[in-house]
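Undergrad: So that we are looking at the same thing, I have put the structure below in C-alpha cells.
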Amino acid sequence: MIRKLNFSAGPAALPEEVLKQAQEEMLDWHGHGLSIMEMSHRSKEYVSVAEQAEQDLRDLMQVPDNYKILFLQGGATSQFSMIPMNLLRDKKTADYINTGVWSKKAIEEASRYCNVNIAATTQHNNFTSAPSQDQLQLNPEAAYVHYTPNETIGGVEFDYIPQTGDVPLVADMSSTILSRPIDVSRFALIYAGAQKNIGPAGLTVVIVREDLLGQTLPGTPTMFDYAVHAAADSMNNTPPTYGWYLAGLIFQWLKRQGGVEGMQAINQRKAEKLYQAIDQSTFYANPVAIANRSWMNVPFTLADAALDKLFIEESEQAGLLNLKGHRSVGGMRASIYNAVPETAVDSLIEFMQHFERKHV
Ligand code: PMP
C-alpha cells in the first residue's frame, strides 16, 4: 500500500494514524461485535462516543459553557440559510463582509431573508486581501456580522477578529477551524463543514451562544432550528454517526499533537516555507497580501500557464495529488490542513523546485 500526499481542498487528507484506528475498529468496535456504523445513535455506547467528541472539541477550542456545540448535517452551505433564519430575530438587516467566493455564497443566501449590508468588499483587488478593521462599515442596527475568516479558494485569511461591538459576530470557519487557537468568546456563532480539519464530509459543526437560540423566523423548518438541535443534543433525528465518531478520533489525535497550540506552530512553519519557496522564485507566484495569506490553502500560479497541465501530470506521477486550483480560478492550490504533515510540504517544495529547473 502506498499512500500518496494529498493536497485536496476538501474532502481533504485525514491523519493516517486515525484512519488506521478506524480501520482496526471497523468490524468490531471495542469488543461489542459490531461496527460503530451499525449501532443505534441512542445506544449508551454511541452516546458516550458522541459526548466524548463534544467534550474534546470543547477542550481543544476552550469553548465557554454558555455555548452549545451542535453536530449537524447539510454542510456549511445549509448554514448560509440557518444563520439568517435563527439570528435575524426581529431585525431586518445583517452585515456581511465580502472577501470572495464563499462569502459571496453566504451573501446570496442571506439576501433571501433580509437586507444585506456589505460592510466591506475586496472586489477592487480581485479578493486578494482582507479588509482592515477601519474599512468595515458596520451598521449598529444589524442583526449580526458575518465573515469568512479563511477563503478556501482565494487563499485569503483574516489576520484579526473583527470588532463588532454589541452586534453578534458569525464566522464561517470551514477551512480554518482548529488550525490555531482562537478566542471563541469573541463570536456569537462559528460554523464549519467537517471535511477539511474535522473529519469526513457529511458532518457540520456549529458552536453557538445559547442566548441567541429559540427566536427563529416564522416558517423555519424544524431541522433548521438550532434550539431544536441544542435541546436534543444534536439527536433530534439520526445524526451522521460515523462522521461524528471519526471527528472524535481526530479531536483525540489533535490533543496528542499538542492541541491547537501545537498545530499552530506546525501550520505556521508549513505555510511559511511554502510561501517562501513561491516568493523566492520568478516561476511561481501568489497574489495575496502577505498579512492575509492563508495557512491552510495556498494558491499559486505558474509564470507560463501553458505548463499547468504538465505540472499536474508530473506532480501526480511524483505522488502529489490534488494540486489543481479551483475550477473558477485555475492555476494551482495546495491545501495544507492539519492532517497534511510538514514532510508533505517539504516534498511539494522539492517537486516545485525540480519542475522549475526542468522547465524554466
Ligand atoms: N464555506 C467555506 C469557507 C468552504 O470552504 C466551503 C467548502 N469548500 C463551504 C463553505 C461549503 O461547504 P459545504 O460543501 O460543506 O456545504
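Note on naming: chains are A, B, ... as they come in the C-alpha cells, residues start from 1 per chain, ligands start from 1 in the order shown.
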Would you please give, as a PyMOL selection string, all residues of segment 17-191 of chain A that DSSP assigns to alpha helix (DSSP H) based on the backbone?

TA: chain A and resi 17-26+44-61+75-87+101-110

Undergrad: If you keep N, CA and C atoms, can you produce a file of those selected residues as a short mmCIF file (atom, residue, chain, number, x, y, z; two decimals), in the first residue's frame?

TA:
```cif
data_model
loop_
_atom_site.label_atom_id
_atom_site.label_comp_id
_atom_site.auth_asym_id
_atom_site.auth_seq_id
_atom_site.Cartn_x
_atom_site.Cartn_y
_atom_site.Cartn_z
N GLU A 17 -2.83 7.91 11.05
CA GLU A 17 -2.99 7.23 12.34
C GLU A 17 -4.48 7.03 12.68
N VAL A 18 -5.27 8.03 12.37
CA VAL A 18 -6.71 7.97 12.66
C VAL A 18 -7.40 6.98 11.72
N LEU A 19 -7.01 7.01 10.46
CA LEU A 19 -7.61 6.06 9.51
C LEU A 19 -7.32 4.63 9.92
N LYS A 20 -6.10 4.41 10.40
CA LYS A 20 -5.73 3.05 10.83
C LYS A 20 -6.56 2.64 12.05
N GLN A 21 -6.72 3.56 12.97
CA GLN A 21 -7.52 3.25 14.16
C GLN A 21 -8.96 2.92 13.75
N ALA A 22 -9.50 3.72 12.85
CA ALA A 22 -10.88 3.49 12.38
C ALA A 22 -10.97 2.13 11.69
N GLN A 23 -9.90 1.80 10.94
CA GLN A 23 -9.86 0.51 10.26
C GLN A 23 -9.86 -0.64 11.28
N GLU A 24 -9.03 -0.49 12.29
CA GLU A 24 -8.96 -1.54 13.33
C GLU A 24 -10.29 -1.70 14.05
N GLU A 25 -10.99 -0.59 14.22
CA GLU A 25 -12.24 -0.64 14.98
C GLU A 25 -13.46 -0.91 14.11
N MET A 26 -13.21 -1.01 12.81
CA MET A 26 -14.33 -1.04 11.85
C MET A 26 -15.30 -2.21 12.08
N LYS A 44 -26.10 3.42 24.60
CA LYS A 44 -25.22 4.13 25.55
C LYS A 44 -23.79 4.16 25.04
N GLU A 45 -23.40 3.16 24.24
CA GLU A 45 -22.05 3.14 23.69
C GLU A 45 -21.87 4.33 22.72
N TYR A 46 -22.85 4.47 21.81
CA TYR A 46 -22.68 5.57 20.85
C TYR A 46 -22.75 6.92 21.54
N VAL A 47 -23.68 7.06 22.47
CA VAL A 47 -23.82 8.36 23.16
C VAL A 47 -22.52 8.72 23.86
N SER A 48 -21.83 7.72 24.40
CA SER A 48 -20.57 8.05 25.09
C SER A 48 -19.51 8.53 24.08
N VAL A 49 -19.52 7.94 22.88
CA VAL A 49 -18.59 8.39 21.83
C VAL A 49 -18.91 9.83 21.44
N ALA A 50 -20.20 10.09 21.26
CA ALA A 50 -20.65 11.42 20.84
C ALA A 50 -20.31 12.47 21.91
N GLU A 51 -20.57 12.11 23.15
CA GLU A 51 -20.30 13.07 24.24
C GLU A 51 -18.81 13.33 24.39
N GLN A 52 -18.03 12.28 24.24
CA GLN A 52 -16.57 12.45 24.36
C GLN A 52 -16.05 13.37 23.25
N ALA A 53 -16.58 13.18 22.04
CA ALA A 53 -16.14 14.03 20.92
C ALA A 53 -16.47 15.49 21.23
N GLU A 54 -17.67 15.72 21.74
CA GLU A 54 -18.05 17.10 22.05
C GLU A 54 -17.13 17.67 23.13
N GLN A 55 -16.86 16.86 24.15
CA GLN A 55 -16.01 17.35 25.23
C GLN A 55 -14.60 17.65 24.72
N ASP A 56 -14.10 16.79 23.86
CA ASP A 56 -12.75 17.01 23.33
C ASP A 56 -12.68 18.28 22.48
N LEU A 57 -13.73 18.53 21.71
CA LEU A 57 -13.74 19.75 20.91
C LEU A 57 -13.83 20.98 21.83
N ARG A 58 -14.66 20.84 22.86
CA ARG A 58 -14.79 21.93 23.84
C ARG A 58 -13.43 22.23 24.49
N ASP A 59 -12.71 21.17 24.84
CA ASP A 59 -11.38 21.36 25.45
C ASP A 59 -10.42 22.01 24.45
N LEU A 60 -10.40 21.47 23.23
CA LEU A 60 -9.43 21.95 22.24
C LEU A 60 -9.62 23.44 21.96
N MET A 61 -10.89 23.84 21.81
CA MET A 61 -11.16 25.24 21.43
C MET A 61 -11.48 26.10 22.65
N GLY A 75 -23.96 20.43 5.53
CA GLY A 75 -22.78 21.19 5.10
C GLY A 75 -22.81 22.64 5.55
N ALA A 76 -21.69 23.30 5.34
CA ALA A 76 -21.63 24.73 5.67
C ALA A 76 -22.68 25.49 4.85
N THR A 77 -22.99 24.97 3.68
CA THR A 77 -23.95 25.66 2.80
C THR A 77 -25.32 25.78 3.45
N SER A 78 -25.75 24.78 4.20
CA SER A 78 -27.04 24.92 4.90
C SER A 78 -26.98 26.03 5.95
N GLN A 79 -25.80 26.23 6.50
CA GLN A 79 -25.66 27.31 7.49
C GLN A 79 -25.88 28.69 6.87
N PHE A 80 -25.62 28.79 5.56
CA PHE A 80 -25.86 30.09 4.91
C PHE A 80 -27.32 30.50 5.09
N SER A 81 -28.26 29.53 5.15
CA SER A 81 -29.66 29.89 5.41
C SER A 81 -30.04 29.78 6.89
N MET A 82 -29.47 28.80 7.59
CA MET A 82 -29.83 28.67 9.01
C MET A 82 -29.45 29.91 9.81
N ILE A 83 -28.36 30.54 9.44
CA ILE A 83 -27.91 31.71 10.20
C ILE A 83 -28.95 32.84 10.15
N PRO A 84 -29.36 33.31 8.96
CA PRO A 84 -30.42 34.33 8.99
C PRO A 84 -31.71 33.85 9.63
N MET A 85 -32.10 32.61 9.37
CA MET A 85 -33.36 32.11 9.96
C MET A 85 -33.35 32.16 11.48
N ASN A 86 -32.18 31.93 12.06
CA ASN A 86 -32.10 31.87 13.52
C ASN A 86 -31.65 33.17 14.17
N LEU A 87 -30.84 33.94 13.46
CA LEU A 87 -30.21 35.08 14.13
C LEU A 87 -30.78 36.44 13.75
N VAL A 101 -15.34 33.97 -2.93
CA VAL A 101 -16.37 33.01 -3.38
C VAL A 101 -17.30 32.59 -2.26
N TRP A 102 -16.72 32.21 -1.10
CA TRP A 102 -17.58 31.64 -0.05
C TRP A 102 -18.39 32.72 0.66
N SER A 103 -17.80 33.90 0.87
CA SER A 103 -18.65 34.94 1.48
C SER A 103 -19.75 35.35 0.52
N LYS A 104 -19.46 35.34 -0.78
CA LYS A 104 -20.49 35.70 -1.76
C LYS A 104 -21.67 34.73 -1.71
N LYS A 105 -21.35 33.46 -1.55
CA LYS A 105 -22.44 32.47 -1.49
C LYS A 105 -23.28 32.69 -0.23
N ALA A 106 -22.62 33.01 0.86
CA ALA A 106 -23.37 33.28 2.10
C ALA A 106 -24.25 34.51 1.92
N ILE A 107 -23.73 35.51 1.22
CA ILE A 107 -24.48 36.75 0.99
C ILE A 107 -25.71 36.48 0.12
N GLU A 108 -25.52 35.73 -0.94
CA GLU A 108 -26.64 35.42 -1.84
C GLU A 108 -27.77 34.74 -1.08
N GLU A 109 -27.42 33.80 -0.23
CA GLU A 109 -28.46 33.06 0.50
C GLU A 109 -29.13 33.98 1.53
N ALA A 110 -28.34 34.77 2.24
CA ALA A 110 -28.92 35.66 3.27
C ALA A 110 -29.86 36.68 2.63
#
```

Undergrad: Compute the set of protein, DNA and RNA residues whose minimum atom distance to ligand 1 is at most 9 Å, using only C-alpha atoms and all ligand atoms, and state it as JSON, numbers by chain.

TA: {"A": [9, 10, 11, 73, 74, 75, 76, 77, 78, 79, 80, 101, 102, 103, 105, 106, 148, 149, 150, 151, 152, 153, 172, 173, 174, 175, 176, 191, 192, 193, 194, 195, 196, 201, 202, 203, 204]}

Undergrad: Filtering to N, CA and C atoms, could you give me those residues as a compact mmCIF listing (two decimals), in the first residue's frame?

TA:
```
# COMPACT_ATOMS: atom_id res chain seq x y z
N ALA A 9 -8.51 20.26 -1.28
CA ALA A 9 -9.15 21.35 -0.51
C ALA A 9 -10.32 20.84 0.32
N GLY A 10 -10.82 19.68 0.01
CA GLY A 10 -11.92 19.12 0.80
C GLY A 10 -12.92 18.43 -0.09
N PRO A 11 -13.35 17.22 0.30
CA PRO A 11 -12.84 16.42 1.38
C PRO A 11 -11.31 16.30 1.29
N GLN A 73 -25.99 18.12 9.93
CA GLN A 73 -25.76 17.72 8.53
C GLN A 73 -26.03 18.93 7.63
N GLY A 74 -25.94 18.71 6.35
CA GLY A 74 -26.30 19.79 5.41
C GLY A 74 -25.13 20.66 4.98
N GLY A 75 -23.96 20.43 5.53
CA GLY A 75 -22.78 21.19 5.10
C GLY A 75 -22.81 22.64 5.55
N ALA A 76 -21.69 23.30 5.34
CA ALA A 76 -21.63 24.73 5.67
C ALA A 76 -22.68 25.49 4.85
N THR A 77 -22.99 24.97 3.68
CA THR A 77 -23.95 25.66 2.80
C THR A 77 -25.32 25.78 3.45
N SER A 78 -25.75 24.78 4.20
CA SER A 78 -27.04 24.92 4.90
C SER A 78 -26.98 26.03 5.95
N GLN A 79 -25.80 26.23 6.50
CA GLN A 79 -25.66 27.31 7.49
C GLN A 79 -25.88 28.69 6.87
N PHE A 80 -25.62 28.79 5.56
CA PHE A 80 -25.86 30.09 4.91
C PHE A 80 -27.32 30.50 5.09
N VAL A 101 -15.34 33.97 -2.93
CA VAL A 101 -16.37 33.01 -3.38
C VAL A 101 -17.30 32.59 -2.26
N TRP A 102 -16.72 32.21 -1.10
CA TRP A 102 -17.58 31.64 -0.05
C TRP A 102 -18.39 32.72 0.66
N SER A 103 -17.80 33.90 0.87
CA SER A 103 -18.65 34.94 1.48
C SER A 103 -19.75 35.35 0.52
N LYS A 105 -21.35 33.46 -1.55
CA LYS A 105 -22.44 32.47 -1.49
C LYS A 105 -23.28 32.69 -0.23
N ALA A 106 -22.62 33.01 0.86
CA ALA A 106 -23.37 33.28 2.10
C ALA A 106 -24.25 34.51 1.92
N THR A 148 -15.95 35.44 6.56
CA THR A 148 -15.30 34.17 6.24
C THR A 148 -13.82 34.33 6.61
N PRO A 149 -13.42 33.87 7.80
CA PRO A 149 -12.04 34.09 8.24
C PRO A 149 -10.99 33.54 7.26
N ASN A 150 -11.37 32.45 6.56
CA ASN A 150 -10.43 31.91 5.57
C ASN A 150 -11.19 31.54 4.31
N GLU A 151 -10.86 32.23 3.22
CA GLU A 151 -11.49 31.93 1.93
C GLU A 151 -10.71 30.78 1.29
N THR A 152 -11.36 29.65 1.19
CA THR A 152 -10.70 28.41 0.77
C THR A 152 -10.18 28.47 -0.66
N ILE A 153 -10.89 29.19 -1.53
CA ILE A 153 -10.49 29.24 -2.94
C ILE A 153 -9.44 30.32 -3.17
N ASP A 172 -17.71 31.77 9.26
CA ASP A 172 -17.62 30.52 8.51
C ASP A 172 -16.17 30.04 8.59
N MET A 173 -15.92 29.16 9.54
CA MET A 173 -14.54 28.69 9.77
C MET A 173 -14.25 27.37 9.09
N SER A 174 -15.03 27.04 8.05
CA SER A 174 -14.89 25.72 7.42
C SER A 174 -13.44 25.32 7.17
N SER A 175 -12.64 26.26 6.65
CA SER A 175 -11.30 25.85 6.25
C SER A 175 -10.20 26.38 7.18
N THR A 176 -10.57 26.83 8.37
CA THR A 176 -9.51 27.28 9.29
C THR A 176 -9.71 26.80 10.71
N TYR A 191 -19.23 28.26 12.49
CA TYR A 191 -19.66 27.03 11.84
C TYR A 191 -18.59 26.53 10.88
N ALA A 192 -18.65 25.23 10.61
CA ALA A 192 -17.65 24.63 9.72
C ALA A 192 -18.15 23.32 9.16
N GLY A 193 -18.02 23.16 7.86
CA GLY A 193 -18.17 21.83 7.26
C GLY A 193 -16.98 21.01 7.75
N ALA A 194 -17.20 19.73 8.00
CA ALA A 194 -16.15 18.94 8.65
C ALA A 194 -15.00 18.55 7.74
N GLN A 195 -15.24 18.57 6.43
CA GLN A 195 -14.38 17.80 5.52
C GLN A 195 -13.00 18.40 5.26
N LYS A 196 -12.55 19.32 6.13
CA LYS A 196 -11.19 19.83 6.00
C LYS A 196 -10.40 19.51 7.27
N ALA A 201 -16.65 14.26 5.13
CA ALA A 201 -17.80 15.07 4.72
C ALA A 201 -19.08 14.48 5.30
N GLY A 202 -20.09 15.32 5.46
CA GLY A 202 -21.38 14.84 5.94
C GLY A 202 -21.70 15.34 7.34
N LEU A 203 -20.72 15.93 7.97
CA LEU A 203 -20.90 16.46 9.32
C LEU A 203 -20.62 17.96 9.27
N THR A 204 -21.41 18.71 10.00
CA THR A 204 -21.22 20.16 10.08
C THR A 204 -21.23 20.55 11.55
```

Undergrad: Set the distance at 8 Å and use only C-alpha atoms: which residues neighbour Val184 of chain A once local chain neighbours fewer than 2 positions away are removed? I'd like the list as a PyMOL selection string.

TA: chain A and resi 61-64+182+186-187

Undergrad: Can you write out the residues you just picked, keeping C-alpha atoms, as a PDB file, in the first residue's frame?

TA:
```pdb
ATOM      1  CA  MET A  61     -11.157  25.238  21.432  1.00  0.00           C
ATOM      2  CA  GLN A  62     -11.796  26.204  25.065  1.00  0.00           C
ATOM      3  CA  VAL A  63     -15.462  26.687  24.255  1.00  0.00           C
ATOM      4  CA  PRO A  64     -17.127  28.546  27.146  1.00  0.00           C
ATOM      5  CA  ILE A 182      -8.994  31.407  18.723  1.00  0.00           C
ATOM      6  CA  ARG A 186     -15.466  36.849  20.595  1.00  0.00           C
ATOM      7  CA  PHE A 187     -18.000  35.034  18.399  1.00  0.00           C
TER       8      PHE A 187
END
```

Undergrad: Can you list, as a VMD selection string, all residues belonging to segment 87-299 of chain A that DSSP tags as strand (DSSP E)?

TA: chain A and resid 93 to 98 115 to 121 145 to 147 150 to 151 156 to 157 169 to 172 189 to 193 204 to 209 284 to 285 297 to 299

Undergrad: Which residues come within 6 Å of segment 306-322 of chain A, counting only C-alpha atoms, excluding same-chain residues fewer than 3 positions away, as a list in words?

TA: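 The residues satisfying every condition are Lys4, Leu5, Asn6, Phe7 and Ser8 of chain A.
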
Undergrad: Of the residues A:Cys114, A:Ile97, A:Leu70, A:Ala305, which is the one nearest to Ile190 of chain A, using only C-alpha atoms?

TA: A:Leu70

Undergrad: Per residue of segment 29-99 of chain A within 7 Å of segment 208-213 of chain A, what are the shortest atom pair and its distance in Å to one decimal, counting only C-alpha atoms, with rows by chain and residue number, as a Markdown table?

TA:
```
| residue | atom | partner | partner_atom | distance |
| --- | --- | --- | --- | --- |
| A:Asn66 | CA | A:Glu210 | CA | 5.8 |
| A:Tyr67 | CA | A:Arg209 | CA | 4.3 |
| A:Lys68 | CA | A:Val208 | CA | 5.4 |
| A:Ile69 | CA | A:Val208 | CA | 6.6 |
| A:Leu87 | CA | A:Leu212 | CA | 6.7 |
```

Undergrad: Which polymer residues have any atom within 9 Å of an atom of segment 274-288 of chain A, counting only C-alpha atoms, with same-chain residues fewer than 6 positions away left out, as a VMD selection string?

TA: chain A and resid 127 to 129 154 to 156 294 298 to 304 345 to 346 348 to 349 352 to 353 356 360

Undergrad: Please indicate the distance in Å from atom CA of Asp183 of chain A to atom CA of Gly165 of chain A, rounded to one decimal place.

TA: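 Computed distance, atom CA of Asp183 of chain A to atom CA of Gly165 of chain A, equals 15.4 Å.
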
Undergrad: Which neighbours of Asn237 of chain A fall inside 9 Å, counting only C-alpha atoms, when residues of the same chain fewer than 4 positions from it are skipped, and could you give them as a list in words?

TA: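 So the residues in contact are Met223, His229 and Ala232 of chain A.
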
Undergrad: Since we have the selection now, will you write its residues out, keeping N, CA and C atoms, as a PDB file, in the first residue's frame?

TA:
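This went into out_14.pdb:
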```pdb
ATOM      1  N   MET A 223     -35.806  21.222  11.309  1.00  0.00           N
ATOM      2  CA  MET A 223     -34.404  20.821  11.195  1.00  0.00           C
ATOM      3  C   MET A 223     -33.464  22.011  10.984  1.00  0.00           C
ATOM      4  N   HIS A 229     -32.011  21.388  17.839  1.00  0.00           N
ATOM      5  CA  HIS A 229     -30.819  20.523  17.895  1.00  0.00           C
ATOM      6  C   HIS A 229     -30.132  20.629  19.260  1.00  0.00           C
ATOM      7  N   ALA A 232     -31.911  18.636  21.860  1.00  0.00           N
ATOM      8  CA  ALA A 232     -31.833  17.183  21.650  1.00  0.00           C
ATOM      9  C   ALA A 232     -30.394  16.683  21.601  1.00  0.00           C
TER      10      ALA A 232
END
```

Undergrad: Can you list, as a list of chain:residue names, every protein, DNA or RNA residue that comes within 9 Å of Pro240 of chain A when you count only C-alpha atoms, leaving out same-chain residues fewer than 2 positions away?

TA: A:Phe71, A:Leu72, A:Gln73, A:Gly202, A:Leu203, A:Thr238, A:Tyr242, A:Gly243, A:Trp244, A:Tyr245

Undergrad: Would you mind exporting N, CA and C atoms of the selected residues as a PDB file, in the first residue's frame?

TA:
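The new file result-v8.pdb reads:
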```
ATOM      1  N   PHE A  71     -23.725  19.061  16.268  1.00  0.00           N
ATOM      2  CA  PHE A  71     -23.167  18.185  15.223  1.00  0.00           C
ATOM      3  C   PHE A  71     -24.294  17.940  14.216  1.00  0.00           C
ATOM      4  N   LEU A  72     -24.249  18.653  13.111  1.00  0.00           N
ATOM      5  CA  LEU A  72     -25.383  18.681  12.184  1.00  0.00           C
ATOM      6  C   LEU A  72     -25.005  18.104  10.818  1.00  0.00           C
ATOM      7  N   GLN A  73     -25.991  18.119   9.927  1.00  0.00           N
ATOM      8  CA  GLN A  73     -25.759  17.716   8.532  1.00  0.00           C
ATOM      9  C   GLN A  73     -26.027  18.930   7.629  1.00  0.00           C
ATOM     10  N   GLY A 202     -20.086  15.320   5.460  1.00  0.00           N
ATOM     11  CA  GLY A 202     -21.377  14.843   5.941  1.00  0.00           C
ATOM     12  C   GLY A 202     -21.697  15.339   7.339  1.00  0.00           C
ATOM     13  N   LEU A 203     -20.721  15.926   7.973  1.00  0.00           N
ATOM     14  CA  LEU A 203     -20.895  16.459   9.322  1.00  0.00           C
ATOM     15  C   LEU A 203     -20.620  17.963   9.267  1.00  0.00           C
ATOM     16  N   THR A 238     -31.617  11.079  13.317  1.00  0.00           N
ATOM     17  CA  THR A 238     -30.371  10.299  13.288  1.00  0.00           C
ATOM     18  C   THR A 238     -29.223  11.201  12.839  1.00  0.00           C
ATOM     19  N   TYR A 242     -21.184   8.103  11.839  1.00  0.00           N
ATOM     20  CA  TYR A 242     -19.800   7.727  11.551  1.00  0.00           C
ATOM     21  C   TYR A 242     -18.896   8.961  11.496  1.00  0.00           C
ATOM     22  N   GLY A 243     -19.401  10.010  10.875  1.00  0.00           N
ATOM     23  CA  GLY A 243     -18.630  11.251  10.792  1.00  0.00           C
ATOM     24  C   GLY A 243     -18.344  11.831  12.169  1.00  0.00           C
ATOM     25  N   TRP A 244     -19.325  11.773  13.023  1.00  0.00           N
ATOM     26  CA  TRP A 244     -19.182  12.287  14.394  1.00  0.00           C
ATOM     27  C   TRP A 244     -18.132  11.473  15.150  1.00  0.00           C
ATOM     28  N   TYR A 245     -18.214  10.140  14.987  1.00  0.00           N
ATOM     29  CA  TYR A 245     -17.227   9.244  15.621  1.00  0.00           C
ATOM     30  C   TYR A 245     -15.819   9.554  15.115  1.00  0.00           C
TER      31      TYR A 245
END
```

Undergrad: Select from segment 137-188 of chain A every residue with an atom at most 8 Å from any atom of segment 251-264 of chain A, then for each give the shortest pair of atoms and their distance in Å to one decimal, using only C-alpha atoms, rows by chain and rising number, as JSON lines.

TA:
```
{"residue": "A:Leu178", "atom": "CA", "partner": "A:Val260", "partner_atom": "CA", "distance": 5.8}
{"residue": "A:Ser179", "atom": "CA", "partner": "A:Gln264", "partner_atom": "CA", "distance": 5.9}
{"residue": "A:Arg180", "atom": "CA", "partner": "A:Gln264", "partner_atom": "CA", "distance": 4.5}
{"residue": "A:Pro181", "atom": "CA", "partner": "A:Val260", "partner_atom": "CA", "distance": 5.4}
```

Undergrad: Would you mind telling me which residue in A:Asn98, A:Glu157, A:Gln137, A:Ile266 lies nearest to Gln123 of chain A when using only C-alpha atoms?

TA: A:Asn98
